[in-house]
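A.B. asks: Below: one structure in structure tokens.
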Amino acid sequence: MTTHHYYSNPAGLPPQTDLLTDRAIVTEAYTVIPRGVLRDIVTSMLPGWAGTRAWILNRPVPGGASTFAQYLMDVDPGGGSGRPEEQPTVQGFIFVVSGELSVTIDGERRQLLPGGFAYAPAGVAWAVMNDGDAPVQFNWIRKAYQPLEGHSTEPVFGNEQEIEPVPMPDTENRWRTTRMLPADDLAYDMHVNVVTFEPGGSIPFTETHVMEHGLYVLEGKGVYRLNGDWVEVQEGDFLSLRAFCPQACYAGGPSNFRYLLYKDVNRQIML
């Protein structure tokens, strides 16, 4: 089994001698937040959290992705929250990129190492704590759950490094997907995957679809085609793609290009 190492944001501030130029861009089709702008002065403190700062990567805004919120959380030793979610209608997904995080969902407690993930259904009590002696960073994805009669979700724990990725058809394993939530269960109205491209691998057509995306680059670098623009991205960058944003990419090498991907699925369009 390959051991993956994910980018961990060092924060801080750049020196006064640095140029202002960066790759940050906001359009009505997509947003790119490069790792270089995730600095100390743009963090938030959240109610009910101790020893924690958050970079809020996505929130619903007019003209942008509207189905989810996504945060990069940084928790000091001894920090965490006994009640992370204030809204009982909202489900949560956590993915650890560095450190070790204790997660308890509906009374079940697990220690998550890098690559570890946990899904908390809406309305279920859960808590997170950094019991270690080093900071921990993790992605936290929140989505209002759309109930479906006769179906219900359950807590999920795991580590993406222990799941066999599924090759995408006709790609010779150069493009593969690690699915962390049940892909064939209609109870789940979002999927969270890790997508891997070998160097030179690509999405060979411009996807244009109803699903929104939150995309956090875990490893490597790539080039995205977004609504007619070419955008370079690297580990630590975040992309938010609204519904129907045309999208394609290829891995730039020399290592694999890997990212954490959110998308909304499995529900009727309500008019």
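Letters A, B, ... mark the chains of the structure tokens in the order given; residue numbers begin at 1 per chain; ligand numbers begin at 1, in order shown.
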So which bits of segment 63-110 of chain A end up strand (DSSP E) when you DSSP the backbone, as JSON, numbers by chain?
C.D. replies: {"A": [69, 70, 71, 72, 73, 74, 75, 76, 77, 78, 79, 80, 81, 90, 91, 92, 93, 94, 95, 96, 97, 98, 101, 102, 103, 104, 105, 108, 109, 110]}
A.B. asks: Please determine, counting only C-alpha atoms, which residue among A:Ile163, A:Leu260, A:Leu226, A:Leu113 has the shortest atom-to-atom distance to Trp140 of chain A.
C.D. replies: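 Nearest to Trp140 of chain A: A:Leu260.
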A.B. asks: Could you list, as a ChimeraX atom specification, every residue within 7 Å of Tyr7 of chain A, counting only C-alpha atoms and ignoring same-chain residues fewer than 4 positions away?
C.D. replies: /A:97,218-219,235-236
A.B. asks: Export all heavy atoms of the chosen residues as a PDB file, in the first residue's frame?
C.D. replies:
```pdb
ATOM      1  N   VAL A  97      -5.708  15.935   7.004  1.00  0.00           N
ATOM      2  CA  VAL A  97      -4.533  16.074   6.141  1.00  0.00           C
ATOM      3  C   VAL A  97      -3.228  16.042   6.937  1.00  0.00           C
ATOM      4  O   VAL A  97      -2.173  15.716   6.378  1.00  0.00           O
ATOM      5  CB  VAL A  97      -4.603  17.351   5.277  1.00  0.00           C
ATOM      6  CG1 VAL A  97      -5.756  17.272   4.293  1.00  0.00           C
ATOM      7  CG2 VAL A  97      -4.696  18.606   6.113  1.00  0.00           C
ATOM      8  N   LEU A 218      -4.677  17.763  -2.662  1.00  0.00           N
ATOM      9  CA  LEU A 218      -3.921  17.082  -1.603  1.00  0.00           C
ATOM     10  C   LEU A 218      -2.457  16.901  -1.959  1.00  0.00           C
ATOM     11  O   LEU A 218      -1.583  17.001  -1.096  1.00  0.00           O
ATOM     12  CB  LEU A 218      -4.541  15.707  -1.324  1.00  0.00           C
ATOM     13  CG  LEU A 218      -5.989  15.697  -0.830  1.00  0.00           C
ATOM     14  CD1 LEU A 218      -6.538  14.270  -0.865  1.00  0.00           C
ATOM     15  CD2 LEU A 218      -6.080  16.259   0.582  1.00  0.00           C
ATOM     16  N   GLU A 219      -2.186  16.588  -3.228  1.00  0.00           N
ATOM     17  CA  GLU A 219      -0.821  16.293  -3.656  1.00  0.00           C
ATOM     18  C   GLU A 219      -0.634  16.713  -5.106  1.00  0.00           C
ATOM     19  O   GLU A 219      -1.565  16.644  -5.914  1.00  0.00           O
ATOM     20  CB  GLU A 219      -0.532  14.789  -3.556  1.00  0.00           C
ATOM     21  CG  GLU A 219      -0.739  14.170  -2.191  1.00  0.00           C
ATOM     22  CD  GLU A 219      -0.556  12.666  -2.222  1.00  0.00           C
ATOM     23  OE1 GLU A 219       0.536  12.200  -2.630  1.00  0.00           O
ATOM     24  OE2 GLU A 219      -1.503  11.945  -1.846  1.00  0.00           O
ATOM     25  N   GLU A 235      -0.865  21.503  -4.825  1.00  0.00           N
ATOM     26  CA  GLU A 235      -1.286  21.016  -3.511  1.00  0.00           C
ATOM     27  C   GLU A 235      -1.510  22.187  -2.555  1.00  0.00           C
ATOM     28  O   GLU A 235      -0.747  23.143  -2.516  1.00  0.00           O
ATOM     29  CB  GLU A 235      -0.236  20.060  -2.955  1.00  0.00           C
ATOM     30  CG  GLU A 235       1.159  20.618  -2.910  1.00  0.00           C
ATOM     31  CD  GLU A 235       2.218  19.560  -2.674  1.00  0.00           C
ATOM     32  OE1 GLU A 235       1.928  18.357  -2.748  1.00  0.00           O
ATOM     33  OE2 GLU A 235       3.370  19.979  -2.397  1.00  0.00           O
ATOM     34  N   GLY A 236      -2.628  22.109  -1.820  1.00  0.00           N
ATOM     35  CA  GLY A 236      -3.003  23.170  -0.900  1.00  0.00           C
ATOM     36  C   GLY A 236      -3.975  24.176  -1.478  1.00  0.00           C
ATOM     37  O   GLY A 236      -4.535  24.985  -0.743  1.00  0.00           O
TER      38      GLY A 236
END
```
A.B. asks: Select from segment 70-161 of chain A every residue with an atom at most 12 Å from any atom of segment 180-188 of chain A, then for each give the shortest pair of atoms and their distance in Å to one decimal, using only C-alpha atoms, rows by chain and rising number, as CSV.
C.D. replies:
```
residue,atom,partner,partner_atom,distance
A:Gln91,CA,A:Tyr188,CA,10.0
A:Gly92,CA,A:Tyr188,CA,11.6
A:Phe93,CA,A:Leu181,CA,9.7
A:Ile94,CA,A:Met180,CA,10.9
A:Phe95,CA,A:Met180,CA,10.1
A:Gly115,CA,A:Met180,CA,10.6
A:Gly116,CA,A:Met180,CA,9.9
A:Phe117,CA,A:Met180,CA,7.9
A:Ala118,CA,A:Met180,CA,9.0
A:Tyr119,CA,A:Leu181,CA,8.1
A:Ala120,CA,A:Leu181,CA,11.3
A:Pro121,CA,A:Tyr188,CA,9.3
A:Ala122,CA,A:Tyr188,CA,11.0
A:Lys143,CA,A:Tyr188,CA,11.0
A:Ala144,CA,A:Tyr188,CA,11.5
A:Tyr145,CA,A:Tyr188,CA,8.5
A:Gln146,CA,A:Tyr188,CA,8.8
A:Pro147,CA,A:Ala187,CA,7.7
A:Leu148,CA,A:Ala187,CA,6.5
A:Glu149,CA,A:Ala187,CA,8.9
A:Gly150,CA,A:Ala187,CA,8.5
A:His151,CA,A:Ala187,CA,5.0
A:Ser152,CA,A:Ala187,CA,5.3
A:Thr153,CA,A:Ala187,CA,5.6
A:Glu154,CA,A:Ala187,CA,9.1
A:Pro155,CA,A:Leu181,CA,9.8
A:Val156,CA,A:Leu181,CA,7.4
A:Phe157,CA,A:Met180,CA,8.7
A:Gly158,CA,A:Met180,CA,7.6
A:Asn159,CA,A:Met180,CA,8.2
A:Glu160,CA,A:Met180,CA,6.8
A:Gln161,CA,A:Met180,CA,10.4
```
A.B. asks: Generate a file of the selected residues that holds N, CA and C atoms, formatted as a CSV table (one decimal), in the first residue's frame.
C.D. replies:
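Final file, result02.csv:
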```csv
chain,number,residue,atom,x,y,z
A,91,GLN,N,-25.4,17.8,7.7
A,91,GLN,CA,-24.5,16.6,7.8
A,91,GLN,C,-23.1,17.1,7.6
A,92,GLY,N,-22.1,16.3,8.1
A,92,GLY,CA,-20.7,16.8,8.0
A,92,GLY,C,-19.8,15.6,7.6
A,93,PHE,N,-18.7,16.0,6.9
A,93,PHE,CA,-17.7,15.1,6.5
A,93,PHE,C,-16.3,15.7,6.8
A,94,ILE,N,-15.5,14.9,7.5
A,94,ILE,CA,-14.2,15.4,7.9
A,94,ILE,C,-13.1,14.5,7.2
A,95,PHE,N,-12.0,15.2,6.7
A,95,PHE,CA,-10.9,14.5,6.1
A,95,PHE,C,-9.6,15.1,6.7
A,115,GLY,N,-5.4,11.1,6.0
A,115,GLY,CA,-6.2,10.2,5.1
A,115,GLY,C,-7.4,9.7,5.8
A,116,GLY,N,-7.5,9.8,7.1
A,116,GLY,CA,-8.7,9.4,7.8
A,116,GLY,C,-9.9,10.3,7.6
A,117,PHE,N,-11.1,9.7,7.6
A,117,PHE,CA,-12.3,10.4,7.3
A,117,PHE,C,-13.4,10.0,8.2
A,118,ALA,N,-14.4,10.8,8.4
A,118,ALA,CA,-15.6,10.5,9.2
A,118,ALA,C,-16.8,11.3,8.6
A,119,TYR,N,-17.9,10.6,8.6
A,119,TYR,CA,-19.2,11.2,8.1
A,119,TYR,C,-20.2,11.2,9.3
A,120,ALA,N,-20.7,12.4,9.6
A,120,ALA,CA,-21.7,12.5,10.7
A,120,ALA,C,-23.1,12.9,10.0
A,121,PRO,N,-24.0,12.0,10.2
A,121,PRO,CA,-25.4,12.3,9.6
A,121,PRO,C,-26.0,13.5,10.3
A,122,ALA,N,-26.9,14.1,9.6
A,122,ALA,CA,-27.6,15.2,10.2
A,122,ALA,C,-28.4,14.8,11.4
A,143,LYS,N,-23.2,20.1,4.5
A,143,LYS,CA,-24.3,20.2,3.5
A,143,LYS,C,-25.6,20.0,4.2
A,144,ALA,N,-26.6,20.8,4.0
A,144,ALA,CA,-27.9,20.6,4.5
A,144,ALA,C,-28.5,19.3,3.8
A,145,TYR,N,-28.9,18.3,4.7
A,145,TYR,CA,-29.3,17.0,4.2
A,145,TYR,C,-30.7,17.1,3.6
A,146,GLN,N,-30.9,16.5,2.5
A,146,GLN,CA,-32.2,16.5,1.8
A,146,GLN,C,-32.8,15.1,2.1
A,147,PRO,N,-33.7,14.9,3.1
A,147,PRO,CA,-34.3,13.6,3.4
A,147,PRO,C,-34.9,12.9,2.3
A,148,LEU,N,-34.9,11.6,2.3
A,148,LEU,CA,-35.5,10.8,1.2
A,148,LEU,C,-36.3,9.7,1.9
A,149,GLU,N,-37.6,9.7,1.7
A,149,GLU,CA,-38.5,8.7,2.4
A,149,GLU,C,-38.0,7.3,2.2
A,150,GLY,N,-37.9,6.6,3.3
A,150,GLY,CA,-37.5,5.2,3.3
A,150,GLY,C,-36.0,5.0,3.3
A,151,HIS,N,-35.2,6.0,3.4
A,151,HIS,CA,-33.8,5.9,3.4
A,151,HIS,C,-33.2,6.7,4.6
A,152,SER,N,-32.1,6.3,5.1
A,152,SER,CA,-31.4,7.0,6.2
A,152,SER,C,-29.9,6.7,6.1
A,153,THR,N,-29.1,7.7,6.5
A,153,THR,CA,-27.7,7.6,6.4
A,153,THR,C,-27.2,7.1,7.8
A,154,GLU,N,-26.0,6.5,7.8
A,154,GLU,CA,-25.3,6.0,9.0
A,154,GLU,C,-23.9,6.7,9.1
A,155,PRO,N,-23.4,6.8,10.3
A,155,PRO,CA,-22.0,7.2,10.5
A,155,PRO,C,-21.0,6.4,9.7
A,156,VAL,N,-20.0,7.0,9.1
A,156,VAL,CA,-19.0,6.3,8.3
A,156,VAL,C,-17.6,6.7,8.8
A,157,PHE,N,-16.7,5.7,9.1
A,157,PHE,CA,-15.3,6.0,9.4
A,157,PHE,C,-14.4,5.2,8.4
A,158,GLY,N,-13.2,5.7,8.2
A,158,GLY,CA,-12.3,5.0,7.3
A,158,GLY,C,-11.1,5.8,7.1
A,159,ASN,N,-10.2,5.3,6.2
A,159,ASN,CA,-9.0,6.0,5.8
A,159,ASN,C,-8.9,5.7,4.3
A,160,GLU,N,-8.7,6.8,3.5
A,160,GLU,CA,-8.7,6.6,2.0
A,160,GLU,C,-7.5,5.8,1.6
A,161,GLN,N,-6.4,5.7,2.4
A,161,GLN,CA,-5.3,4.9,2.0
A,161,GLN,C,-5.5,3.4,2.1
```
